[in-house]
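Let me begin by presenting the structure, written as structure tokens, before commenting on it.
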Amino acid sequence: MRHFFRFPLLSWRFVPVWQRNYLVWKKLAIPSILGNLADPMLYMLGLGYGLGSLLPDVGGMPYLTFLAAGTVAYSTMNAATFEVLYSSFSRMHVQRTWDAILNAPLTLDDVMLGELTWAASKSLLSGLAILAVIWGLGLYGDFWMTLWIVPVVALVGFCFGGLGLVMNAVSPSYDFFLYYFTLVITPMVLLCGVFFPVSQLPAAVQGVSSWLPLTHAIDLARPLVVGRVPDDIVPHVAALLIYGSLGYVVALALTRRRLLK
Amino acid sequence: MLKARGLTKRYGDAEVVRGLDLDVERGECFGLLGPNGAGKTTTLRLLLGLIEPDAGHIELAGIEVPRRAREARMKVGVVPQMDNLDPDFSVRENLLAYGRYFGMSKAAVTARVPELLEFAGLASKADAQIAQLSGGMKRRLTLARALVHDPDILFLDEPTTGLDPQARHLIWQGLRRLIGAGKTIVLTTHFMDEAERLTDRLAILDHGRVVAEGAPRALIETHIEPAVVEVFGEGLADWTARHAAGLCQRFETVGETLFCYTRSPDTVIEALGNAPALRYLHRPSNLEDVFLKLTGRDLRD
């Protein structure tokens, strides 16, 4: 394994890879956007209104607002994860598109950086769509403050894109992605304060939660929705950056072992 | 144009490429032949700088590989063994996308597309989806794609495997045009007729080593008797035991056929006149005979 580890060499050559994915996406943009957005939107509105009407304020805000802030992060995480698992895996393993690109003057570092930035871009759309609903329903405290959610969403997409690439690198087939969803993504959704405040959890579980990347994402997004400056911005941003970068570096080594041995 | 010295690649205990030396001159068509698992594809991947050798030195288009592989690959076009055209794009879009990977501007690639489509015989298919193309069309498009940046040297890994004879001839025609235009070509194949037709020089690889190298004709002359008489039919074993050693310079029995390699086929045929139950086929020896002599007849799967 040590043999396959090298510090990534970043270059602008990743841009055509991003562009390739963008051009393919553009062909089916409308169904793709609808498909990506319908699910989180339905959950948010269904639970927000249905369950929210039974509840008092949650975390100091109406439940719909609480849930909407969580959904921005959750929906971004999902979009980035789906992209680097199913779509990247198709390009890498099934269509052999990466192999074709590697014969050009691109390295695996470039190809995977292109995939990562593309996943972050695509998930940005998912996050922005939820943000648009927040604006539309007037769920925000201060409009200008909510604009800070845009870079937060991009960062969340980067973080989960990087982490998902690790899974992409080690999966023999699509079936294995289910483990990632069952063992990583779903627990994260339940532990990180999407649907209810982390403070409702037992103290030990709260300790675990504070290490999970989605917690950091939500701790940034939720205050921004209600119009507050988030606490501990630097550690949260750093955590998301570190998780994403570490994921990219590890995924690069694992994929190098897989494709370029 | 291409120089490799002492190229070695190990996977665990298995040495897949063992001290390979290769030289390919500018404008030459060079063949790498070998049974499955001889190390042909690994050698190509090493030469392209996709994987790192455990030992050895490579110079591709005058550029050191793998240290400067990125620059070297700017001058190389690759036709891989398995088609990996982009199924999400049309024929034209495949060429445009591939040009971008080489840093070409949209205008520069667009200007080249008609010429490339004409070369591939796909001018009428510019907007077709990849799934609509036949196997031969896909190969031709892959070849055109490898030319998008006008490389000096082309690597082709089994370019006609899986194609029907018509499609193979079209690929050969395309390759001859490229050779005529002065491109350097390195191709792997296990079709002997392909190697005999196209290559100026070839190396036969076995177990990661070059076992013979030279022009196809010269290899046949050096390594094997000029004629082969293949004998088969009732009573072959008996006839072989009695006459083969005396009549053939070298012989072997494969299944129900005796391969008699000889410098004087007439003598063999005359002797066969006394054995009416046996049938025979007399032909000049070819590259396949050399190949089988040097690499053996065992299956390599």
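Here, A, B, ... name the chains of the structure tokens in the order displayed, residue numbers run from 1 inside each chain, and ligands are numbered from 1 in the same displayed order.
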
For chain B, work out the contacting residues on chain A at 12 Å, counting only C-alpha atoms, and write them as a PyMOL selection string. chain A and resi 3-4+11-28+87+90-108+110-111+114+256-261

Can you spit out the residues from that selection as a tab-separated table (two decimals), in the first residue's frame, using N, CA and C atoms?
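For reference, out.tsv as written:
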```
chain	number	residue	atom	x	y	z
A	3	HIS	N	3.53	1.71	-1.30
A	3	HIS	CA	4.01	1.89	-2.66
A	3	HIS	C	3.06	2.77	-3.50
A	4	PHE	N	1.77	2.69	-3.18
A	4	PHE	CA	0.79	3.41	-3.98
A	4	PHE	C	0.52	4.81	-3.44
A	11	SER	N	-3.02	19.69	-10.67
A	11	SER	CA	-2.77	20.52	-11.84
A	11	SER	C	-4.11	20.93	-12.45
A	12	TRP	N	-4.04	21.92	-13.32
A	12	TRP	CA	-5.27	22.40	-13.96
A	12	TRP	C	-5.83	21.41	-14.97
A	13	ARG	N	-5.10	20.34	-15.21
A	13	ARG	CA	-5.57	19.37	-16.19
A	13	ARG	C	-6.85	18.67	-15.76
A	14	PHE	N	-7.27	18.89	-14.50
A	14	PHE	CA	-8.52	18.26	-14.06
A	14	PHE	C	-9.73	18.92	-14.73
A	15	VAL	N	-9.55	20.13	-15.25
A	15	VAL	CA	-10.70	20.88	-15.77
A	15	VAL	C	-11.45	20.14	-16.89
A	16	PRO	N	-10.75	19.57	-17.89
A	16	PRO	CA	-11.50	18.85	-18.93
A	16	PRO	C	-12.31	17.67	-18.40
A	17	VAL	N	-11.88	17.09	-17.28
A	17	VAL	CA	-12.63	15.98	-16.70
A	17	VAL	C	-13.94	16.52	-16.11
A	18	TRP	N	-13.82	17.63	-15.38
A	18	TRP	CA	-15.01	18.30	-14.84
A	18	TRP	C	-15.96	18.65	-15.99
A	19	GLN	N	-15.35	19.21	-17.05
A	19	GLN	CA	-16.13	19.67	-18.20
A	19	GLN	C	-16.84	18.50	-18.89
A	20	ARG	N	-16.15	17.38	-18.97
A	20	ARG	CA	-16.76	16.19	-19.58
A	20	ARG	C	-18.03	15.80	-18.82
A	21	ASN	N	-17.93	15.77	-17.51
A	21	ASN	CA	-19.10	15.39	-16.70
A	21	ASN	C	-20.20	16.43	-16.80
A	22	TYR	N	-19.79	17.68	-16.86
A	22	TYR	CA	-20.78	18.75	-16.97
A	22	TYR	C	-21.55	18.63	-18.29
A	23	LEU	N	-20.83	18.39	-19.39
A	23	LEU	CA	-21.48	18.32	-20.70
A	23	LEU	C	-22.45	17.14	-20.77
A	24	VAL	N	-22.08	16.03	-20.14
A	24	VAL	CA	-22.98	14.87	-20.14
A	24	VAL	C	-24.20	15.19	-19.29
A	25	TRP	N	-23.96	15.81	-18.14
A	25	TRP	CA	-25.07	16.15	-17.24
A	25	TRP	C	-26.05	17.11	-17.92
A	26	LYS	N	-25.47	18.07	-18.68
A	26	LYS	CA	-26.30	19.09	-19.32
A	26	LYS	C	-27.36	18.48	-20.23
A	27	LYS	N	-27.01	17.34	-20.83
A	27	LYS	CA	-27.96	16.69	-21.74
A	27	LYS	C	-29.23	16.26	-21.03
A	28	LEU	N	-29.08	15.91	-19.76
A	28	LEU	CA	-30.23	15.40	-19.00
A	28	LEU	C	-30.46	16.22	-17.75
A	87	SER	N	-22.14	7.26	-10.09
A	87	SER	CA	-21.74	7.83	-11.38
A	87	SER	C	-20.25	7.67	-11.62
A	90	SER	N	-19.44	4.10	-12.46
A	90	SER	CA	-19.77	3.77	-13.86
A	90	SER	C	-18.64	4.21	-14.77
A	91	ARG	N	-18.18	5.44	-14.54
A	91	ARG	CA	-17.14	5.96	-15.43
A	91	ARG	C	-15.82	5.22	-15.23
A	92	MET	N	-15.50	4.87	-13.99
A	92	MET	CA	-14.24	4.20	-13.72
A	92	MET	C	-14.27	2.73	-14.13
A	93	HIS	N	-15.30	2.02	-13.66
A	93	HIS	CA	-15.26	0.56	-13.73
A	93	HIS	C	-16.03	-0.01	-14.91
A	94	VAL	N	-17.17	0.59	-15.22
A	94	VAL	CA	-18.05	0.01	-16.23
A	94	VAL	C	-17.71	0.54	-17.62
A	95	GLN	N	-17.65	1.86	-17.75
A	95	GLN	CA	-17.40	2.45	-19.06
A	95	GLN	C	-15.91	2.58	-19.37
A	96	ARG	N	-15.07	2.44	-18.37
A	96	ARG	CA	-13.62	2.57	-18.53
A	96	ARG	C	-13.22	3.95	-19.07
A	97	THR	N	-14.04	4.93	-18.74
A	97	THR	CA	-13.73	6.28	-19.21
A	97	THR	C	-12.43	6.79	-18.59
A	98	TRP	N	-12.19	6.42	-17.34
A	98	TRP	CA	-10.94	6.88	-16.69
A	98	TRP	C	-9.72	6.32	-17.42
A	99	ASP	N	-9.79	5.04	-17.81
A	99	ASP	CA	-8.67	4.43	-18.53
A	99	ASP	C	-8.35	5.22	-19.79
A	100	ALA	N	-9.41	5.59	-20.52
A	100	ALA	CA	-9.21	6.34	-21.77
A	100	ALA	C	-8.53	7.67	-21.47
A	101	ILE	N	-8.98	8.33	-20.41
A	101	ILE	CA	-8.43	9.65	-20.08
A	101	ILE	C	-6.97	9.52	-19.63
A	102	LEU	N	-6.65	8.42	-18.95
A	102	LEU	CA	-5.29	8.25	-18.42
A	102	LEU	C	-4.27	8.04	-19.54
A	103	ASN	N	-4.73	7.67	-20.74
A	103	ASN	CA	-3.81	7.57	-21.87
A	103	ASN	C	-3.45	8.93	-22.44
A	104	ALA	N	-4.25	9.94	-22.10
A	104	ALA	CA	-3.92	11.31	-22.45
A	104	ALA	C	-2.97	11.84	-21.37
A	105	PRO	N	-2.46	13.07	-21.52
A	105	PRO	CA	-1.49	13.52	-20.51
A	105	PRO	C	-2.14	13.91	-19.18
A	106	LEU	N	-3.06	13.10	-18.68
A	106	LEU	CA	-3.63	13.32	-17.36
A	106	LEU	C	-3.18	12.21	-16.44
A	107	THR	N	-3.06	12.54	-15.16
A	107	THR	CA	-2.74	11.52	-14.18
A	107	THR	C	-4.01	11.17	-13.41
A	108	LEU	N	-3.93	10.12	-12.62
A	108	LEU	CA	-5.09	9.75	-11.81
A	108	LEU	C	-5.45	10.88	-10.85
A	110	ASP	N	-5.37	14.00	-11.50
A	110	ASP	CA	-6.21	14.94	-12.25
A	110	ASP	C	-7.62	14.39	-12.40
A	111	VAL	N	-7.72	13.13	-12.80
A	111	VAL	CA	-9.03	12.53	-13.07
A	111	VAL	C	-9.88	12.57	-11.80
A	114	GLY	N	-10.96	16.02	-10.85
A	114	GLY	CA	-12.08	16.39	-11.72
A	114	GLY	C	-13.38	15.80	-11.22
A	256	ARG	N	-5.20	4.02	-7.24
A	256	ARG	CA	-3.96	3.74	-7.97
A	256	ARG	C	-3.65	2.25	-7.88
A	257	ARG	N	-3.87	1.70	-6.70
A	257	ARG	CA	-3.63	0.27	-6.53
A	257	ARG	C	-4.59	-0.54	-7.41
A	258	ARG	N	-5.81	0.00	-7.55
A	258	ARG	CA	-6.82	-0.74	-8.30
A	258	ARG	C	-6.57	-0.67	-9.82
A	259	LEU	N	-6.25	0.52	-10.31
A	259	LEU	CA	-6.18	0.71	-11.77
A	259	LEU	C	-4.76	0.64	-12.33
A	260	LEU	N	-3.80	1.12	-11.57
A	260	LEU	CA	-2.46	1.31	-12.14
A	260	LEU	C	-1.45	0.41	-11.46
A	261	LYS	N	-1.79	-0.85	-11.34
A	261	LYS	CA	-0.81	-1.73	-10.71
A	261	LYS	C	-0.01	-2.46	-11.77
```

Excluding Val186 (chain B) and its own-chain neighbours fewer than 2 positions away, which residues fall within 8 Å of it when counting only C-alpha atoms? Please give them as a short mmCIF file (atom, residue, chain, number, x, y, z; two decimals) with N, CA and C atoms, in the first residue's frame.
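So the final result, stored in out.cif, reads:
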```cif
data_model
loop_
_atom_site.label_atom_id
_atom_site.label_comp_id
_atom_site.auth_asym_id
_atom_site.auth_seq_id
_atom_site.Cartn_x
_atom_site.Cartn_y
_atom_site.Cartn_z
N CYS B 29 7.08 0.52 -38.21
CA CYS B 29 5.97 -0.18 -37.58
C CYS B 29 6.53 -1.40 -36.87
N PHE B 30 6.40 -1.39 -35.55
CA PHE B 30 7.05 -2.41 -34.73
C PHE B 30 5.99 -3.27 -34.05
N GLY B 31 6.15 -4.58 -34.12
CA GLY B 31 5.16 -5.48 -33.52
C GLY B 31 5.68 -6.15 -32.26
N LEU B 32 4.79 -6.27 -31.28
CA LEU B 32 5.11 -7.04 -30.07
C LEU B 32 4.20 -8.26 -30.09
N ILE B 153 3.71 9.08 -32.46
CA ILE B 153 3.83 7.64 -32.30
C ILE B 153 2.49 7.09 -31.81
N LEU B 154 2.14 5.91 -32.31
CA LEU B 154 0.86 5.29 -31.96
C LEU B 154 1.11 3.95 -31.28
N PHE B 155 0.39 3.72 -30.17
CA PHE B 155 0.44 2.42 -29.50
C PHE B 155 -0.89 1.73 -29.74
N LEU B 156 -0.87 0.53 -30.29
CA LEU B 156 -2.12 -0.20 -30.50
C LEU B 156 -2.03 -1.55 -29.81
N THR B 184 5.12 6.63 -36.43
CA THR B 184 5.73 5.45 -35.83
C THR B 184 4.62 4.65 -35.14
N THR B 188 0.66 -4.52 -30.56
CA THR B 188 0.71 -5.90 -30.07
C THR B 188 -0.36 -6.67 -30.82
#
```

Could you produce a table of the residues of region 188-230 of chain A lying within 10 Å of region 157-166 of chain A, with the nearest pair of atoms per residue and their separation in Å rounded to one decimal, using only C-alpha atoms, ordered by chain and increasing residue number, as a Markdown table?
```
| residue | atom | partner | partner_atom | distance |
| --- | --- | --- | --- | --- |
| A:Pro213 | CA | A:Cys159 | CA | 7.8 |
| A:Leu214 | CA | A:Phe160 | CA | 8.9 |
| A:Ala217 | CA | A:Cys159 | CA | 9.5 |
```

Would you mind writing down, as a VMD selection string, each residue of region 76-207 of chain B that DSSP on the backbone assigns to alpha helix (DSSP H)? chain B and resid 91 to 101 106 to 119 135 to 146 165 to 180 192 to 198

Between CA of Ile179 (chain B) and CA of Leu198 (chain B), what is the spacing in Å?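 Atom-to-atom, CA of Leu198 (chain B) to CA of Ile179 (chain B), that is 8.9 Å.
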
What are the DSSP strand (DSSP E or B) residues of region 89-217 of chain B, as a PyMOL selection string? chain B and resi 90+129+153-157+184-189+201-206+209-214

Take the residues that were just selected and, keeping C-alpha atoms, output them as a short mmCIF file (atom, residue, chain, number, x, y, z; two decimals), in the first residue's frame.
```
data_model
loop_
_atom_site.label_atom_id
_atom_site.label_comp_id
_atom_site.auth_asym_id
_atom_site.auth_seq_id
_atom_site.Cartn_x
_atom_site.Cartn_y
_atom_site.Cartn_z
CA SER B 90 -21.89 11.01 -29.78
CA GLN B 129 -24.42 7.44 -30.38
CA ILE B 153 3.83 7.64 -32.30
CA LEU B 154 0.86 5.29 -31.96
CA PHE B 155 0.44 2.42 -29.50
CA LEU B 156 -2.12 -0.20 -30.50
CA ASP B 157 -2.95 -3.06 -28.16
CA THR B 184 5.73 5.45 -35.83
CA ILE B 185 3.59 2.52 -34.75
CA VAL B 186 3.95 0.01 -31.95
CA LEU B 187 1.34 -2.72 -31.99
CA THR B 188 0.71 -5.90 -30.07
CA THR B 189 -1.12 -8.73 -31.72
CA ARG B 201 10.23 -5.43 -37.40
CA LEU B 202 8.85 -7.38 -34.50
CA ALA B 203 9.83 -8.89 -31.21
CA ILE B 204 8.41 -12.16 -29.93
CA LEU B 205 7.87 -12.02 -26.18
CA ASP B 206 7.58 -14.98 -23.89
CA ARG B 209 11.52 -11.66 -22.29
CA VAL B 210 12.31 -11.08 -25.97
CA VAL B 211 12.95 -14.51 -27.47
CA ALA B 212 13.44 -13.31 -31.05
CA GLU B 213 13.57 -10.01 -32.86
CA GLY B 214 13.82 -8.94 -36.47
#
```

All residues 8 Å or closer to Gly19 (chain B), only C-alpha atoms, same chain fewer than 3 positions away omitted, as a VMD selection string: chain B and resid 5 to 8 55 to 56 208 to 209

Using only C-alpha atoms, can you tell me which of B:Arg242, B:Asp152, B:Ile224, B:Val268 comes closest to Ala181 (chain B)?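 Ranked by minimum distance to Ala181 (chain B), first place goes to B:Asp152.
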
Separation of CA of Leu252 (chain A) and CA of Asn168 (chain A), in Å?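 We find that CA of Leu252 (chain A) and CA of Asn168 (chain A) lie 10.4 Å from each other.
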
Selection: 6 Å around Glu59 (chain B), only C-alpha atoms, excl. self and same-chain fewer than 2 positions, as a PyMOL selection string: chain B and resi 2-3+62-65

Next, write the just-selected residues to a file, as a short mmCIF file (atom, residue, chain, number, x, y, z; two decimals), in the first residue's frame, keeping N, CA and C atoms as the atom set.
```cif
data_model
loop_
_atom_site.label_atom_id
_atom_site.label_comp_id
_atom_site.auth_asym_id
_atom_site.auth_seq_id
_atom_site.Cartn_x
_atom_site.Cartn_y
_atom_site.Cartn_z
N LEU B 2 11.61 5.32 -29.69
CA LEU B 2 11.29 4.62 -28.44
C LEU B 2 12.48 3.74 -28.08
N LYS B 3 12.89 3.86 -26.81
CA LYS B 3 14.04 3.09 -26.38
C LYS B 3 13.75 2.57 -24.97
N GLY B 62 11.92 10.68 -27.16
CA GLY B 62 13.02 11.48 -26.63
C GLY B 62 12.82 11.99 -25.21
N ILE B 63 11.74 11.54 -24.55
CA ILE B 63 11.41 12.04 -23.22
C ILE B 63 11.47 10.88 -22.21
N GLU B 64 12.07 11.17 -21.07
CA GLU B 64 12.25 10.12 -20.08
C GLU B 64 10.92 9.75 -19.41
N VAL B 65 10.63 8.46 -19.37
CA VAL B 65 9.40 7.94 -18.77
C VAL B 65 9.80 6.99 -17.65
#
```

I want to know what sits within 8 Å of Gly174 (chain B), based on only C-alpha atoms, with residues of the same chain fewer than 4 positions away left out; could you give that as a list of chain:residue names?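 The neighbour list is B:Phe119, B:Ala120, B:Leu170, B:Leu178.
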
Could those residues be written to a file, using C-alpha atoms, as an mmCIF file, in the first residue's frame?
```
data_model
loop_
_atom_site.group_PDB
_atom_site.id
_atom_site.type_symbol
_atom_site.label_atom_id
_atom_site.label_comp_id
_atom_site.auth_asym_id
_atom_site.auth_seq_id
_atom_site.Cartn_x
_atom_site.Cartn_y
_atom_site.Cartn_z
ATOM 1 C CA PHE B 119 -10.134 8.692 -41.956
ATOM 2 C CA ALA B 120 -12.345 6.443 -39.829
ATOM 3 C CA LEU B 170 -10.299 -1.619 -42.953
ATOM 4 C CA LEU B 178 -0.573 6.176 -41.125
#
```
